[in-house]
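See structure below.
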Amino acid sequence: MSLAELRELEAAHVVGTYARSPVEFVRGDGPYLYDEHGSEYLDMLCGISVTNLGHCHPRVVAAVREQAGVLMHVSNLFYTEPAMRLAGELAQSSLGGKVFFCNSGAEANEAAIKLARRARPAGEIIVLHGAFHGRTYGALSATPQESKQAPFAPLVPGFRAVVAEPEAIRQAVGERTAAVLLEPIQGESGVHVVPDEVLIAARESCDATGAALIFDEVQSGMGRTGTLWAYEATPVRPDAMTVAKALGGGLPIGALVTGERLADELGTGDHGSTFAGGPVVSAAARAALAATDDAALLAGVRADGELLAGRLARTPGVREVRGRGLMLAAEIDGDAPAVARHALEHEQLIVNATGPSTLRLLPPLTAGRGLIETAADRLERAIAACAPDGASG
Ligand SMILES: *Cc1c(COP(=O)(O)O)cnc(C)c1O
């Protein structure tokens with residue numbers, strides 16, 4: 001089917017919630033995507049930090065193929081080995097408590113919100129300005145963005161947004177606070193690293209009041225920032241975290257992971273999901289987690305991240321570079337959506353604009369120096385081609 005035909009079908013029959021770029025992808029291989037004409041694109045977005053290991057990673061593909069031919073679904077009324085083993089591996093690689101499986105990032109945050117309220121009934125959830133926690137009602141209520149919330153009022157009560165400053169956190173958290181929920185590195189807002197002193201204030205305030213500190217690692221987790229979990233590079237450890245995006249190596253799976261203290265707050269009947277922790281996605285996630293929890297790969301992410309951040313900082317037209325590891329944003333003088341469009345159409349480079357002047361790069365963790373240099377070269381040309389009149393670069 002041609003792209004024109006796909007667009008006709010979309011216009012007629014697909015709810016118009018997405019602004020898609022005019023390209024159809026038919027195949028992926030490692031860092032590359034191929035369109036219907038066979039053209040090769042360098043993917044520096046990874047399906048929004050989902051295909052962190054590259055497209056169709058052989059270990060993930062093998063796990064899915066094998067499990068799909070054996071058992072696909074039984075529900076959580078029974079045991080399966082992939083889900084129980086994944087829970088053990090996920091907990092042992094992080095907070096050491098227990099895991100609740102679901103199917104997406106928003107659902108993982110829903111579970112986290114329920115966990116926090118179960119531990120402190122009717123308690124308030126403190127979130128940060130600029131946060132993005134998902135589109136379902138609880139997660140949306142934790143996402144203090146007027147344009148996303150206003151059309152869908154009334155929201156879930158009991159959420160309060162504060163600025164990411166230590167004093168604001170200390171003032172907001174009290175005996176009635178159920179949780180502080182935050183992304184250690186905000187993704188959708190354009191990659192803003194929450195300062196250590198804010199994380200420390202949140203940790204201390206939660207310790208003093210018994211509130212839960214919950215990290216949303218849906219985007220920052222699974223090796224993205226150069227450690228398996230972003231919290232590992234911060235001075236604090238959360239009481240629970242949420243994971244999704246890259247967890248399934250490309251398949252949809254989410255999880256709430258707790259530490260010891262909150263491990264038994266949710267009990268029988270408190271929460272559930274029909275598909276959650278199914279054998280195929282669990283097998284995929286076991287393969288993805290094993291491939292990602294690798295010292296050499298994570299060291300490569302840190303090295304490639306420094307290389308890319310350095311290249312971006314030296315690129316004419318780039319005003320600021322933010323992020324950690326391979327979760328990076330560049331603030332540019334020009335029109336970021338125009339640059340992303342130009343990069344796609346003329347440089348066969350996939351990057352993403354999160355705002356009018358913000359480009360986000362989420363390269364494959366397996367990219368390596370050569371591809372990072374190639375991506376930086378292509379992006380530099382795209383930025384130059386779209387430079388505003390009179391710009392020196
Ligand atoms: C993407 C994202 C979500 C929502 O995940 P979905 O799978 O789209 O529901 C939540 N939190 C963060 C930090 C995200 O980046």
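Residues are named by chain letter and number: chains run A, B, ... in the order of the structure tokens, numbers start at 1 in each chain, and ligands are numbered from 1 in the order shown.
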Residues of chain A within 7 Å of ligand 1: nearest atom pair and distance (Å, one decimal) for each, counting only C-alpha atoms and all ligand atoms, sorted by chain and number, as JSON lines?
```
{"residue": "A:Ser104", "atom": "CA", "partner": "ligand 1", "partner_atom_place_in_ligand_line": "7 (O)", "distance": 3.8}
{"residue": "A:Gly105", "atom": "CA", "partner": "ligand 1", "partner_atom_place_in_ligand_line": "5 (O)", "distance": 3.2}
{"residue": "A:Ala106", "atom": "CA", "partner": "ligand 1", "partner_atom_place_in_ligand_line": "9 (O)", "distance": 3.6}
{"residue": "A:Glu107", "atom": "CA", "partner": "ligand 1", "partner_atom_place_in_ligand_line": "9 (O)", "distance": 6.3}
{"residue": "A:Phe132", "atom": "CA", "partner": "ligand 1", "partner_atom_place_in_ligand_line": "11 (N)", "distance": 5.4}
{"residue": "A:His133", "atom": "CA", "partner": "ligand 1", "partner_atom_place_in_ligand_line": "11 (N)", "distance": 3.8}
{"residue": "A:Gly134", "atom": "CA", "partner": "ligand 1", "partner_atom_place_in_ligand_line": "4 (C)", "distance": 4.0}
{"residue": "A:Arg135", "atom": "CA", "partner": "ligand 1", "partner_atom_place_in_ligand_line": "9 (O)", "distance": 6.5}
{"residue": "A:Glu183", "atom": "CA", "partner": "ligand 1", "partner_atom_place_in_ligand_line": "13 (C)", "distance": 5.8}
{"residue": "A:Gln186", "atom": "CA", "partner": "ligand 1", "partner_atom_place_in_ligand_line": "13 (C)", "distance": 6.4}
{"residue": "A:Gly187", "atom": "CA", "partner": "ligand 1", "partner_atom_place_in_ligand_line": "15 (O)", "distance": 5.5}
{"residue": "A:Glu188", "atom": "CA", "partner": "ligand 1", "partner_atom_place_in_ligand_line": "15 (O)", "distance": 6.1}
{"residue": "A:Asp216", "atom": "CA", "partner": "ligand 1", "partner_atom_place_in_ligand_line": "13 (C)", "distance": 5.5}
{"residue": "A:Glu217", "atom": "CA", "partner": "ligand 1", "partner_atom_place_in_ligand_line": "13 (C)", "distance": 6.0}
{"residue": "A:Val218", "atom": "CA", "partner": "ligand 1", "partner_atom_place_in_ligand_line": "12 (C)", "distance": 4.7}
{"residue": "A:Gln219", "atom": "CA", "partner": "ligand 1", "partner_atom_place_in_ligand_line": "15 (O)", "distance": 4.3}
{"residue": "A:Ala244", "atom": "CA", "partner": "ligand 1", "partner_atom_place_in_ligand_line": "7 (O)", "distance": 6.2}
{"residue": "A:Lys245", "atom": "CA", "partner": "ligand 1", "partner_atom_place_in_ligand_line": "7 (O)", "distance": 6.0}
```
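The shell of residues at most 9 Å from Ala276 (chain A), with only C-alpha atoms counted and near chain neighbours (fewer than 5 positions) removed, consists of Ser75, Asn76, Ala83, Phe100, Phe101, Cys102, Asn103, Ile253, Gly254, Ala255, Val281 and Ser282 of chain A.
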Contacts of region 56-68 of chain A at 6 Å or less, counting only C-alpha atoms, minus same-chain residues fewer than 4 places along, as a list in words?
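With the cut-off at 6 Å, the set is Asp29, Met72, Val280, Ala283, Ala284 and Ala287 of chain A.
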Generate the output file for the selected residues, N, CA, C and O atoms, as an mmCIF file, in the first residue's frame.
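This is the output file selection-v4.cif:
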```
data_model
loop_
_atom_site.group_PDB
_atom_site.id
_atom_site.type_symbol
_atom_site.label_atom_id
_atom_site.label_comp_id
_atom_site.auth_asym_id
_atom_site.auth_seq_id
_atom_site.Cartn_x
_atom_site.Cartn_y
_atom_site.Cartn_z
ATOM 1 N N ASP A 29 16.323 -2.779 11.657
ATOM 2 C CA ASP A 29 17.476 -3.655 11.903
ATOM 3 C C ASP A 29 18.516 -2.853 12.686
ATOM 4 O O ASP A 29 19.127 -1.940 12.126
ATOM 5 N N MET A 72 1.013 -18.328 24.897
ATOM 6 C CA MET A 72 0.891 -16.870 24.775
ATOM 7 C C MET A 72 0.141 -16.223 25.922
ATOM 8 O O MET A 72 0.402 -15.094 26.269
ATOM 9 N N VAL A 280 4.711 -14.001 26.603
ATOM 10 C CA VAL A 280 5.522 -13.514 25.483
ATOM 11 C C VAL A 280 6.228 -12.213 25.848
ATOM 12 O O VAL A 280 7.447 -12.073 25.657
ATOM 13 N N ALA A 283 8.932 -12.920 28.401
ATOM 14 C CA ALA A 283 10.129 -13.524 27.802
ATOM 15 C C ALA A 283 10.941 -12.462 27.072
ATOM 16 O O ALA A 283 12.181 -12.427 27.169
ATOM 17 N N ALA A 284 10.250 -11.565 26.358
ATOM 18 C CA ALA A 284 10.946 -10.478 25.655
ATOM 19 C C ALA A 284 11.670 -9.587 26.654
ATOM 20 O O ALA A 284 12.829 -9.206 26.451
ATOM 21 N N ALA A 287 14.842 -11.076 28.079
ATOM 22 C CA ALA A 287 15.950 -10.975 27.121
ATOM 23 C C ALA A 287 16.480 -9.547 27.065
ATOM 24 O O ALA A 287 17.698 -9.315 27.055
#
```
From the list A:Asp389, A:Asp270, A:Glu260, A:Glu347, which residue is nearest Thr374 (chain A) when using only C-alpha atoms?
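Among A:Asp389, A:Asp270, A:Glu260, A:Glu347, it is A:Glu347 that comes nearest to Thr374 (chain A).
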Choose the residue, out of A:Arg20, A:His55, A:Arg322, A:His271, that has the smallest atom-to-atom separation from Leu365 (chain A); count only C-alpha atoms.
A:His55
Skip Asp377 (chain A) itself and residues of its chain fewer than 2 positions away, then list as a list in words all residues within 12 Å of it, counting only C-alpha atoms.
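Listed by chain and then number, they are Leu42, Leu308, Arg311, Leu312, Arg314, Thr315, Pro316, Ala343, Glu347, Gln348, Leu349, Gly370, Leu371, Ile372, Glu373, Thr374, Ala375, Leu379, Glu380, Arg381, Ala382, Ile383 and Ala384 of chain A.
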Go ahead and save the picked residues with N, CA and C atoms, as a PDB file, in the first residue's frame.
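The resulting file, again.pdb, is shown below:
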```pdb
ATOM      1  N   LEU A  42      18.664   6.516   9.915  1.00  0.00           N
ATOM      2  CA  LEU A  42      19.380   6.317  11.175  1.00  0.00           C
ATOM      3  C   LEU A  42      18.447   6.769  12.300  1.00  0.00           C
ATOM      4  N   LEU A 308      28.301  12.570  22.148  1.00  0.00           N
ATOM      5  CA  LEU A 308      27.187  13.246  21.479  1.00  0.00           C
ATOM      6  C   LEU A 308      26.898  14.603  22.123  1.00  0.00           C
ATOM      7  N   ARG A 311      29.549  16.946  20.877  1.00  0.00           N
ATOM      8  CA  ARG A 311      29.310  17.327  19.483  1.00  0.00           C
ATOM      9  C   ARG A 311      28.162  18.341  19.383  1.00  0.00           C
ATOM     10  N   LEU A 312      27.083  18.078  20.114  1.00  0.00           N
ATOM     11  CA  LEU A 312      25.937  18.995  20.072  1.00  0.00           C
ATOM     12  C   LEU A 312      26.336  20.375  20.592  1.00  0.00           C
ATOM     13  N   ARG A 314      29.074  21.835  20.433  1.00  0.00           N
ATOM     14  CA  ARG A 314      29.921  22.567  19.468  1.00  0.00           C
ATOM     15  C   ARG A 314      29.197  22.855  18.153  1.00  0.00           C
ATOM     16  N   THR A 315      27.954  22.428  18.035  1.00  0.00           N
ATOM     17  CA  THR A 315      27.212  22.626  16.788  1.00  0.00           C
ATOM     18  C   THR A 315      26.681  24.054  16.705  1.00  0.00           C
ATOM     19  N   PRO A 316      27.011  24.772  15.622  1.00  0.00           N
ATOM     20  CA  PRO A 316      26.475  26.126  15.477  1.00  0.00           C
ATOM     21  C   PRO A 316      24.954  26.127  15.516  1.00  0.00           C
ATOM     22  N   ALA A 343      15.647  16.860   8.896  1.00  0.00           N
ATOM     23  CA  ALA A 343      16.546  15.725   9.160  1.00  0.00           C
ATOM     24  C   ALA A 343      15.936  14.440   8.618  1.00  0.00           C
ATOM     25  N   GLU A 347      18.151  14.117   5.483  1.00  0.00           N
ATOM     26  CA  GLU A 347      19.342  13.482   6.069  1.00  0.00           C
ATOM     27  C   GLU A 347      19.066  12.039   6.490  1.00  0.00           C
ATOM     28  N   GLN A 348      17.830  11.615   6.326  1.00  0.00           N
ATOM     29  CA  GLN A 348      17.435  10.269   6.771  1.00  0.00           C
ATOM     30  C   GLN A 348      17.895   9.982   8.196  1.00  0.00           C
ATOM     31  N   LEU A 349      17.630  10.989   9.010  1.00  0.00           N
ATOM     32  CA  LEU A 349      17.972  10.927  10.430  1.00  0.00           C
ATOM     33  C   LEU A 349      16.691  11.165  11.227  1.00  0.00           C
ATOM     34  N   GLY A 370      31.002   5.527  15.879  1.00  0.00           N
ATOM     35  CA  GLY A 370      30.869   5.858  14.463  1.00  0.00           C
ATOM     36  C   GLY A 370      29.481   6.387  14.128  1.00  0.00           C
ATOM     37  N   LEU A 371      28.461   5.687  14.603  1.00  0.00           N
ATOM     38  CA  LEU A 371      27.094   6.103  14.284  1.00  0.00           C
ATOM     39  C   LEU A 371      26.722   7.392  15.001  1.00  0.00           C
ATOM     40  N   ILE A 372      27.264   7.580  16.204  1.00  0.00           N
ATOM     41  CA  ILE A 372      26.990   8.826  16.923  1.00  0.00           C
ATOM     42  C   ILE A 372      27.587  10.000  16.140  1.00  0.00           C
ATOM     43  N   GLU A 373      28.802   9.814  15.620  1.00  0.00           N
ATOM     44  CA  GLU A 373      29.432  10.868  14.798  1.00  0.00           C
ATOM     45  C   GLU A 373      28.601  11.135  13.541  1.00  0.00           C
ATOM     46  N   THR A 374      28.158  10.062  12.889  1.00  0.00           N
ATOM     47  CA  THR A 374      27.341  10.223  11.674  1.00  0.00           C
ATOM     48  C   THR A 374      26.064  10.993  11.987  1.00  0.00           C
ATOM     49  N   ALA A 375      25.411  10.621  13.079  1.00  0.00           N
ATOM     50  CA  ALA A 375      24.164  11.297  13.466  1.00  0.00           C
ATOM     51  C   ALA A 375      24.438  12.769  13.752  1.00  0.00           C
ATOM     52  N   LEU A 379      22.791  15.908  11.825  1.00  0.00           N
ATOM     53  CA  LEU A 379      21.980  16.875  12.560  1.00  0.00           C
ATOM     54  C   LEU A 379      22.553  18.280  12.391  1.00  0.00           C
ATOM     55  N   GLU A 380      23.874  18.379  12.377  1.00  0.00           N
ATOM     56  CA  GLU A 380      24.515  19.685  12.182  1.00  0.00           C
ATOM     57  C   GLU A 380      24.098  20.289  10.834  1.00  0.00           C
ATOM     58  N   ARG A 381      24.070  19.447   9.793  1.00  0.00           N
ATOM     59  CA  ARG A 381      23.648  19.951   8.475  1.00  0.00           C
ATOM     60  C   ARG A 381      22.181  20.384   8.507  1.00  0.00           C
ATOM     61  N   ALA A 382      21.332  19.597   9.187  1.00  0.00           N
ATOM     62  CA  ALA A 382      19.901  19.928   9.245  1.00  0.00           C
ATOM     63  C   ALA A 382      19.680  21.242   9.991  1.00  0.00           C
ATOM     64  N   ILE A 383      20.415  21.436  11.071  1.00  0.00           N
ATOM     65  CA  ILE A 383      20.272  22.681  11.839  1.00  0.00           C
ATOM     66  C   ILE A 383      20.731  23.861  10.987  1.00  0.00           C
ATOM     67  N   ALA A 384      21.840  23.673  10.267  1.00  0.00           N
ATOM     68  CA  ALA A 384      22.355  24.750   9.399  1.00  0.00           C
ATOM     69  C   ALA A 384      21.346  25.076   8.303  1.00  0.00           C
TER      70      ALA A 384
END
```
In Å, how far is it from CA of Pro356 (chain A) to CA of Leu128 (chain A)?
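Interatomic distance here is 21.3 Å.
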Strand (DSSP E) residues, from DSSP on the backbone, in region 189-244 of chain A, as a list in words
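Listing strand (DSSP E) positions across region 189-244 of chain A yields His192, Val193, Ala212, Leu213, Ile214, Phe215, Asp216, Ala240, Met241, Thr242 and Val243 of chain A.
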Take the residues from that selection and put them in a file with N, CA, C and O atoms, as a compact mmCIF listing (two decimals), in the first residue's frame.
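What follows is the written file out_7.txt:
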```txt
# COMPACT_ATOMS: atom_id res chain seq x y z
N HIS A 192 14.99 17.46 31.19
CA HIS A 192 15.46 18.29 32.29
C HIS A 192 15.89 17.37 33.43
O HIS A 192 15.08 16.62 33.97
N VAL A 193 17.17 17.45 33.76
CA VAL A 193 17.71 16.63 34.85
C VAL A 193 17.29 17.29 36.16
O VAL A 193 17.59 18.47 36.39
N ALA A 212 5.95 8.18 50.42
CA ALA A 212 6.75 7.34 49.52
C ALA A 212 7.42 8.20 48.46
O ALA A 212 6.78 9.07 47.87
N LEU A 213 8.69 7.96 48.22
CA LEU A 213 9.37 8.61 47.11
C LEU A 213 9.36 7.65 45.93
O LEU A 213 9.93 6.55 46.00
N ILE A 214 8.66 8.06 44.88
CA ILE A 214 8.48 7.18 43.71
C ILE A 214 9.10 7.83 42.48
O ILE A 214 8.77 8.96 42.14
N PHE A 215 10.00 7.12 41.84
CA PHE A 215 10.61 7.61 40.60
C PHE A 215 9.90 6.99 39.40
O PHE A 215 9.69 5.77 39.36
N ASP A 216 9.54 7.85 38.46
CA ASP A 216 9.02 7.40 37.17
C ASP A 216 10.24 7.23 36.26
O ASP A 216 10.79 8.20 35.74
N ALA A 240 10.01 3.24 45.44
CA ALA A 240 9.41 2.46 44.35
C ALA A 240 9.74 3.17 43.05
O ALA A 240 10.07 4.36 43.06
N MET A 241 9.64 2.43 41.95
CA MET A 241 9.83 3.09 40.65
C MET A 241 8.92 2.43 39.62
O MET A 241 8.46 1.30 39.81
N THR A 242 8.65 3.19 38.56
CA THR A 242 7.86 2.65 37.47
C THR A 242 8.73 2.55 36.22
O THR A 242 9.59 3.40 35.97
N VAL A 243 8.50 1.49 35.47
CA VAL A 243 9.30 1.18 34.28
C VAL A 243 8.34 0.79 33.16
O VAL A 243 7.27 0.23 33.44
```
When you look at Gly88 (chain A) with a cut-off of 10 Å (counting only C-alpha atoms), what residues show up, excluding the ones that are within fewer than 4 positions of it in the same chain? I need them as a PyMOL selection string.
chain A and resi 83-84+92-93+96-99
Using DSSP secondary structure from the backbone, list all helix (DSSP H, G or I) positions within region 172-377 of chain A, as a ChimeraX atom specification.
/A:172,196-209,230-233,245-248,279-292,295-313,336-346,368-377
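Between Ala299 (chain A) and the residues A:Ser273, A:Thr227, A:Thr258, A:Thr234, the shortest atom-to-atom distance, using only C-alpha atoms, involves A:Thr227.
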Considering only C-alpha atoms, return as a list in words whatever protein or nucleic-acid residues lie within 10 Å of Gly355 (chain A), sequence-local ones (same chain, fewer than 5 positions apart) excluded.
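The filter keeps Glu188, Ser189, Gly190, Glu331, Asp335, Ala336, Pro337 and Arg360 of chain A.
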